[in-house]
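Student: Dropping a structure here in structure tokens format, bear with me for questions.
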Amino acid sequence: MMQNDTIAAIATPNAAGGISMIRISGPKAVQIADKIFQPLSGQPLSERKGYTGAYGTAYDEQGEIDNLIAFVYRAPKSYTGEEVVELSCHGGIIVTRRLLRAVLDAGARLADPGEFTKRAFLNGKMTLTQAESVMDLVNSQSEQAARCAVAALDGALYRRIAEIRERLVAQTAHITAWIDFPEEDVDAVKLSFLRGELLEIEGELKELIRTFDVGKVIHMGVNTAIVGRPNVGKSTLMNLLAGCEKSIVTDMAGTTRDVVEETVNLGDVVLRLADTAGIRRTKNAVELAGIDRAKKRIAEADLVLLVLDASEELDGEDIELMRVVRAKPSVLVANKADLGIRIDLDYIKRDFPHHLVLSAKEARSVEALNREIGSLMNLTNLDTNQPILANERQRACAAAALNQIEAALDALSFGMTLDAVNLLIEDAIDSLLQLTGESVSEVVVDEVFSRFCVGK
């Protein structure tokens, strides 16, 4: 995982804009920039200190490319920990690509996805959990997701893992010293104290693993199915949340025959919405196919919005839908409240603690739905400054550490030797080191950064 070459990439969106930036990083970053850039002052970039900029003109074999500003960052005080130059030109697809081509012709290599952040990790500028938070921050689609990513970037998760790891290291060091150096004046290992420490750590790891479900919701969004009988307002609700007409709305039952999808930001949470066909008894083959897809979406959904008509009394199809849906995380939406309320609210409240009475024609309904979903998904009182497991890799490492701690507790209960207990504690420490990236394989590192965009 050595980095001896110099890489470059466009670090801004590949589109027209006010400004574009080419980032160059590596041992020859400054020399390469000097080959194509002529500062107006006449002082080459190689003679400049770090954190300084120069205005000038970039050239290639065809002549002048653009007037731009070059910023120099000297190792190790840069994002990657290497020599870095950032060339900021006028924002335009043609000029940006031409400038990148000139940099590559001057000796740089096109960066792989996430390679700048990967080099920052390999050069000790950030931990692996912090590097992963960079991607989460870039991909944030909600305020809570961005705040959680910033907390992770500041090291909240790393610090929690480091605290747990240090307590385990203290225990294994004491056990090792007591076993290996019996002639020294080492205090005997008190099994009750050791068991107490491991039990506390077991609890902390379980608490940390529980944050994964919330982290998954925040960073990946919620796979949400809007279901109900035909003509209860599912498509109206879909269009309200999407902010545009995604689904056809008519008074005719069975209008929606297929699944209509849209991703929406509902304030605290991102919903990956699927407006499904109305579920009812029918002999229409096309409608039946849509209903089958709707039932499949219910089974796959992380959240179900069950829409009922508040202006009508419950019928057998409504009650059957409630029976099917209540096993899933659900919010019951009694729609069409503007037409009067005839639905049995007491019956609804019995099985659906998370319910709303609203009109999907009113914009204010979005805020009420956001609050109810936030309460259901445990997002309402979420402290985004606390450590949260953000992805499956982190969860797997924490789960492995927990399994090893539980095995160590079992070993103590069964009266096994402290050597055996110590090996399990060391395995738990290794799992935590893998989580933070302090003991991780090249394959894992490559997998983590392959999900980044080029230029970051």
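Letters A, B, ... mark the chains of the structure tokens in the order given; residue numbers begin at 1 per chain; ligand numbers begin at 1, in order shown.
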Mind the document's chain letters and residue numbers, and return as a PyMOL selection string the residues of segment 54-120 of chain A that DSSP labels alpha helix (DSSP H).
Tutor: chain A and resi 93-105+115-120
Student: Please extract the residues of segment 295-353 of chain A with a backbone DSSP assignment of strand (DSSP E or B) and present them as a list in words.
Tutor: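 After running DSSP on the backbone, segment 295-353 of chain A has strand (DSSP E or B) at Leu303, Val304, Leu305, Leu306, Val307, Leu308, Asp309, Ser330, Val331, Leu332, Val333, Ala334 and Asn335 of chain A.
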Student: For Ala108 of chain A, which of A:Ile179, A:Leu45, A:Ala33, A:Ala58 is the closest residue, counting only C-alpha atoms?
Tutor: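 The answer is A:Ala33, which sits nearest to Ala108 of chain A.
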Student: Would you please work out which residue, of A:Ala152, A:Ile201, A:Val440, A:Ala334, is nearest to Pro387 of chain A when using only C-alpha atoms?
Tutor: A:Ala152
Student: List the neighbours of Arg119 of chain A out to 9 Å using only C-alpha atoms; skip same-chain residues closer than 3 positions along the sequence, and give me the result as a list in words.
Tutor: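 What passes the distance filter is Gln3, Tyr79, Thr80, Gly81, Glu82, Gly114, Glu115, Phe116, Leu122, Asn123, Gly124 and Lys125 of chain A.
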Student: Selection from above, N, CA and C atoms, as a CSV table (one decimal), in the first residue's frame, can you write it?
Tutor:
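The resulting part.csv:
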chain,number,residue,atom,x,y,z
A,3,GLN,N,2.6,4.5,-1.7
A,3,GLN,CA,2.2,5.5,-2.7
A,3,GLN,C,3.4,6.3,-3.2
A,79,TYR,N,-4.2,17.5,3.1
A,79,TYR,CA,-5.3,16.5,3.3
A,79,TYR,C,-4.8,15.1,3.2
A,80,THR,N,-3.9,14.9,2.2
A,80,THR,CA,-3.4,13.5,2.0
A,80,THR,C,-2.1,13.2,2.8
A,81,GLY,N,-1.5,14.3,3.4
A,81,GLY,CA,-0.2,14.1,4.0
A,81,GLY,C,0.9,14.2,3.1
A,82,GLU,N,0.7,14.4,1.8
A,82,GLU,CA,1.7,14.5,0.7
A,82,GLU,C,1.8,15.9,0.2
A,114,GLY,N,-11.7,7.5,-4.6
A,114,GLY,CA,-11.4,7.6,-3.2
A,114,GLY,C,-9.9,7.6,-2.9
A,115,GLU,N,-9.0,7.7,-3.9
A,115,GLU,CA,-7.6,7.5,-3.6
A,115,GLU,C,-7.0,8.7,-2.8
A,116,PHE,N,-7.5,9.9,-2.9
A,116,PHE,CA,-7.0,11.0,-2.1
A,116,PHE,C,-7.2,10.7,-0.6
A,122,LEU,N,-3.7,6.1,4.8
A,122,LEU,CA,-2.4,5.4,4.9
A,122,LEU,C,-1.3,6.3,5.4
A,123,ASN,N,-1.4,7.6,5.3
A,123,ASN,CA,-0.4,8.5,5.8
A,123,ASN,C,-0.7,8.9,7.2
A,124,GLY,N,-1.7,8.3,7.9
A,124,GLY,CA,-2.0,8.6,9.3
A,124,GLY,C,-2.7,9.9,9.5
A,125,LYS,N,-3.4,10.5,8.5
A,125,LYS,CA,-4.1,11.8,8.6
A,125,LYS,C,-5.5,11.6,9.2
Student: At a cut-off of 6 Å, using only C-alpha atoms, what residues contact segment 211-222 of chain A? Leave out same-chain residues fewer than 6 positions from it and give the result as a ChimeraX atom specification.
Tutor: /A:145,270-272,388-390
Student: For the atom pair atom CA of Gly91 of chain A and atom CA of Ala15 of chain A, what is the interatomic distance in Å to one decimal place?
Tutor: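 Computed distance, atom CA of Gly91 of chain A to atom CA of Ala15 of chain A, equals 7.7 Å.
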Student: What's around Lys35 of chain A at 10 Å? Count only C-alpha atoms, leave out sequence neighbours fewer than 4 positions away in its own chain, and write the answer as a list in words.
Tutor: Val30, Gln31, Pro44, Leu45, Ala58, Tyr59, Asp60, Ala102, Val103, Asp105, Ala106 and Gly107 of chain A
Student: Within 12 Å of segment 168-177 of chain A, counting only C-alpha atoms, which residues show up once you throw out same-chain ones fewer than 2 positions away? Write them as an MDAnalysis selection string, please.
Tutor: chainID A and resid 161:166 179:191 193:202 401 404:405 408 417:433
Student: Store the residues of this selection in a file with N, CA and C atoms, as a compact mmCIF listing (two decimals), in the first residue's frame.
Tutor:
# COMPACT_ATOMS: atom_id res chain seq x y z
N ILE A 161 -14.34 3.42 20.58
CA ILE A 161 -13.68 2.12 20.36
C ILE A 161 -12.34 2.10 21.07
N ALA A 162 -11.59 3.19 21.02
CA ALA A 162 -10.27 3.26 21.66
C ALA A 162 -10.40 3.09 23.18
N GLU A 163 -11.44 3.68 23.77
CA GLU A 163 -11.64 3.55 25.22
C GLU A 163 -11.89 2.09 25.60
N ILE A 164 -12.75 1.41 24.84
CA ILE A 164 -13.03 0.00 25.11
C ILE A 164 -11.77 -0.83 24.92
N ARG A 165 -11.05 -0.56 23.85
CA ARG A 165 -9.84 -1.33 23.55
C ARG A 165 -8.78 -1.16 24.65
N GLU A 166 -8.61 0.05 25.15
CA GLU A 166 -7.61 0.29 26.19
C GLU A 166 -7.94 -0.46 27.48
N ILE A 179 0.94 -14.41 34.52
CA ILE A 179 1.23 -15.77 34.08
C ILE A 179 2.70 -15.94 33.73
N ASP A 180 3.27 -14.98 32.99
CA ASP A 180 4.62 -15.13 32.44
C ASP A 180 5.72 -14.77 33.43
N PHE A 181 5.42 -13.98 34.44
CA PHE A 181 6.46 -13.55 35.37
C PHE A 181 6.04 -13.82 36.82
N PRO A 182 5.91 -15.11 37.17
CA PRO A 182 5.45 -15.46 38.52
C PRO A 182 6.44 -15.04 39.60
N GLU A 183 7.72 -14.89 39.20
CA GLU A 183 8.72 -14.51 40.20
C GLU A 183 8.67 -13.03 40.54
N GLU A 184 8.01 -12.25 39.68
CA GLU A 184 7.89 -10.81 39.93
C GLU A 184 6.74 -10.55 40.90
N ASP A 185 6.77 -9.34 41.47
CA ASP A 185 5.74 -8.96 42.43
C ASP A 185 4.52 -8.40 41.69
N VAL A 186 3.81 -9.31 40.97
CA VAL A 186 2.63 -8.91 40.20
C VAL A 186 1.39 -9.33 40.97
N ASP A 187 0.47 -8.41 41.14
CA ASP A 187 -0.78 -8.72 41.85
C ASP A 187 -1.52 -9.84 41.14
N ALA A 188 -2.10 -10.74 41.91
CA ALA A 188 -2.88 -11.84 41.33
C ALA A 188 -4.10 -11.28 40.61
N VAL A 189 -4.47 -11.98 39.55
CA VAL A 189 -5.67 -11.58 38.81
C VAL A 189 -6.90 -11.95 39.61
N LYS A 190 -7.72 -10.95 39.92
CA LYS A 190 -8.97 -11.21 40.64
C LYS A 190 -10.06 -11.51 39.63
N LEU A 191 -10.53 -12.75 39.65
CA LEU A 191 -11.50 -13.19 38.66
C LEU A 191 -12.79 -12.39 38.73
N PHE A 193 -13.13 -9.24 39.56
CA PHE A 193 -12.90 -7.94 38.93
C PHE A 193 -12.85 -8.08 37.41
N LEU A 194 -12.13 -9.13 36.94
CA LEU A 194 -12.02 -9.37 35.50
C LEU A 194 -13.40 -9.60 34.90
N ARG A 195 -14.22 -10.41 35.57
CA ARG A 195 -15.56 -10.69 35.07
C ARG A 195 -16.39 -9.41 35.03
N GLY A 196 -16.25 -8.57 36.05
CA GLY A 196 -16.99 -7.30 36.09
C GLY A 196 -16.61 -6.38 34.93
N GLU A 197 -15.31 -6.31 34.64
CA GLU A 197 -14.84 -5.48 33.52
C GLU A 197 -15.39 -6.00 32.19
N LEU A 198 -15.32 -7.31 32.00
CA LEU A 198 -15.80 -7.89 30.75
C LEU A 198 -17.31 -7.71 30.59
N LEU A 199 -18.05 -7.80 31.69
CA LEU A 199 -19.49 -7.60 31.62
C LEU A 199 -19.82 -6.16 31.23
N GLU A 200 -19.08 -5.20 31.78
CA GLU A 200 -19.30 -3.80 31.42
C GLU A 200 -18.99 -3.56 29.94
N ILE A 201 -17.90 -4.14 29.47
CA ILE A 201 -17.52 -3.98 28.07
C ILE A 201 -18.52 -4.67 27.16
N GLU A 202 -19.03 -5.82 27.59
CA GLU A 202 -20.07 -6.50 26.83
C GLU A 202 -21.29 -5.59 26.65
N ALA A 401 -16.08 -8.62 18.05
CA ALA A 401 -15.50 -8.31 19.36
C ALA A 401 -16.45 -8.74 20.48
N GLN A 404 -16.40 -12.49 21.04
CA GLN A 404 -15.20 -12.93 21.72
C GLN A 404 -15.25 -12.59 23.22
N ILE A 405 -15.83 -11.46 23.56
CA ILE A 405 -15.99 -11.10 24.97
C ILE A 405 -16.97 -12.06 25.65
N ALA A 408 -15.21 -15.21 26.27
CA ALA A 408 -14.29 -15.07 27.41
C ALA A 408 -15.06 -15.18 28.73
N THR A 417 -8.67 -22.00 31.92
CA THR A 417 -7.46 -21.31 32.33
C THR A 417 -7.48 -19.86 31.87
N LEU A 418 -6.71 -19.03 32.57
CA LEU A 418 -6.61 -17.63 32.17
C LEU A 418 -5.92 -17.47 30.82
N ASP A 419 -5.07 -18.43 30.45
CA ASP A 419 -4.46 -18.40 29.12
C ASP A 419 -5.54 -18.41 28.04
N ALA A 420 -6.52 -19.28 28.20
CA ALA A 420 -7.61 -19.38 27.21
C ALA A 420 -8.44 -18.10 27.20
N VAL A 421 -8.73 -17.57 28.38
CA VAL A 421 -9.49 -16.32 28.46
C VAL A 421 -8.72 -15.19 27.80
N ASN A 422 -7.41 -15.17 28.03
CA ASN A 422 -6.58 -14.11 27.48
C ASN A 422 -6.56 -14.12 25.96
N LEU A 423 -6.53 -15.31 25.37
CA LEU A 423 -6.55 -15.41 23.92
C LEU A 423 -7.83 -14.82 23.34
N LEU A 424 -8.93 -15.05 23.99
CA LEU A 424 -10.21 -14.51 23.52
C LEU A 424 -10.25 -12.99 23.65
N ILE A 425 -9.68 -12.47 24.73
CA ILE A 425 -9.63 -11.01 24.90
C ILE A 425 -8.74 -10.39 23.81
N GLU A 426 -7.61 -11.06 23.50
CA GLU A 426 -6.73 -10.56 22.44
C GLU A 426 -7.44 -10.56 21.09
N ASP A 427 -8.27 -11.59 20.84
CA ASP A 427 -9.04 -11.63 19.59
C ASP A 427 -10.03 -10.47 19.52
N ALA A 428 -10.64 -10.14 20.66
CA ALA A 428 -11.57 -9.01 20.71
C ALA A 428 -10.84 -7.71 20.40
N ILE A 429 -9.64 -7.56 20.96
CA ILE A 429 -8.84 -6.36 20.69
C ILE A 429 -8.54 -6.26 19.20
N ASP A 430 -8.18 -7.38 18.59
CA ASP A 430 -7.86 -7.39 17.16
C ASP A 430 -9.09 -6.98 16.32
N SER A 431 -10.27 -7.41 16.69
CA SER A 431 -11.49 -7.03 15.98
C SER A 431 -11.73 -5.53 16.07
N LEU A 432 -11.45 -4.95 17.24
CA LEU A 432 -11.63 -3.51 17.40
C LEU A 432 -10.57 -2.73 16.61
N LEU A 433 -9.36 -3.28 16.52
CA LEU A 433 -8.32 -2.64 15.70
C LEU A 433 -8.71 -2.67 14.23
Student: Show which residues sit within 10 Å of Glu132 of chain A, as a PyMOL selection string. Count only C-alpha atoms, and ignore same-chain residues fewer than 4 positions away.
Tutor: chain A and resi 117-118+126-128+136-137+149+152-153+390-391+394+448-449+451-452
Student: Those same residues - N, CA and C atoms - I'd like them written as a compact mmCIF listing (two decimals), in the first residue's frame.
Tutor:
# COMPACT_ATOMS: atom_id res chain seq x y z
N THR A 117 -8.46 10.28 -0.27
CA THR A 117 -8.79 9.97 1.12
C THR A 117 -8.07 8.70 1.58
N LYS A 118 -7.89 7.75 0.66
CA LYS A 118 -7.14 6.53 0.99
C LYS A 118 -5.72 6.88 1.38
N MET A 126 -5.98 10.33 9.12
CA MET A 126 -7.29 10.00 9.69
C MET A 126 -7.38 8.50 9.89
N THR A 127 -8.31 8.08 10.75
CA THR A 127 -8.56 6.65 10.96
C THR A 127 -9.49 6.16 9.85
N LEU A 128 -9.67 4.84 9.79
CA LEU A 128 -10.55 4.28 8.77
C LEU A 128 -12.00 4.70 9.00
N ASP A 136 -19.68 9.32 3.88
CA ASP A 136 -21.03 9.53 4.40
C ASP A 136 -21.42 11.01 4.33
N LEU A 137 -20.47 11.89 4.60
CA LEU A 137 -20.74 13.33 4.55
C LEU A 137 -21.04 13.77 3.12
N ALA A 149 -22.21 12.27 10.28
CA ALA A 149 -20.96 12.12 9.55
C ALA A 149 -19.90 13.07 10.09
N ALA A 152 -18.56 11.66 13.32
CA ALA A 152 -17.61 10.57 13.06
C ALA A 152 -16.30 11.10 12.52
N LEU A 153 -16.37 12.13 11.68
CA LEU A 153 -15.15 12.73 11.14
C LEU A 153 -14.32 13.37 12.25
N ALA A 390 -21.89 3.11 11.22
CA ALA A 390 -22.49 3.66 10.00
C ALA A 390 -22.61 2.66 8.87
N ASN A 391 -21.94 1.51 8.96
CA ASN A 391 -21.99 0.57 7.84
C ASN A 391 -21.81 -0.86 8.33
N GLN A 394 -18.31 -1.95 9.90
CA GLN A 394 -18.13 -1.55 11.30
C GLN A 394 -18.96 -2.44 12.22
N VAL A 448 -13.16 -0.52 0.97
CA VAL A 448 -13.74 0.67 1.58
C VAL A 448 -13.68 1.86 0.62
N PHE A 449 -12.50 2.08 0.02
CA PHE A 449 -12.32 3.27 -0.79
C PHE A 449 -12.84 3.12 -2.21
N ARG A 451 -15.75 2.57 -2.96
CA ARG A 451 -17.10 3.13 -2.97
C ARG A 451 -17.09 4.63 -3.04
N PHE A 452 -15.91 5.26 -2.98
CA PHE A 452 -15.80 6.71 -3.06
C PHE A 452 -15.94 7.17 -4.51
Student: If you measure from atom CA of Cys397 of chain A to atom CA of Gln130 of chain A, what distance in Å do you get, rounded to one decimal?
Tutor: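 The value is 15.5 Å.
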Student: For atom CA of Thr6 of chain A and atom CA of Glu47 of chain A, determine how far apart the two atoms are, in Å to one decimal place.
Tutor: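 Going from atom CA of Thr6 of chain A over to atom CA of Glu47 of chain A covers 19.1 Å.
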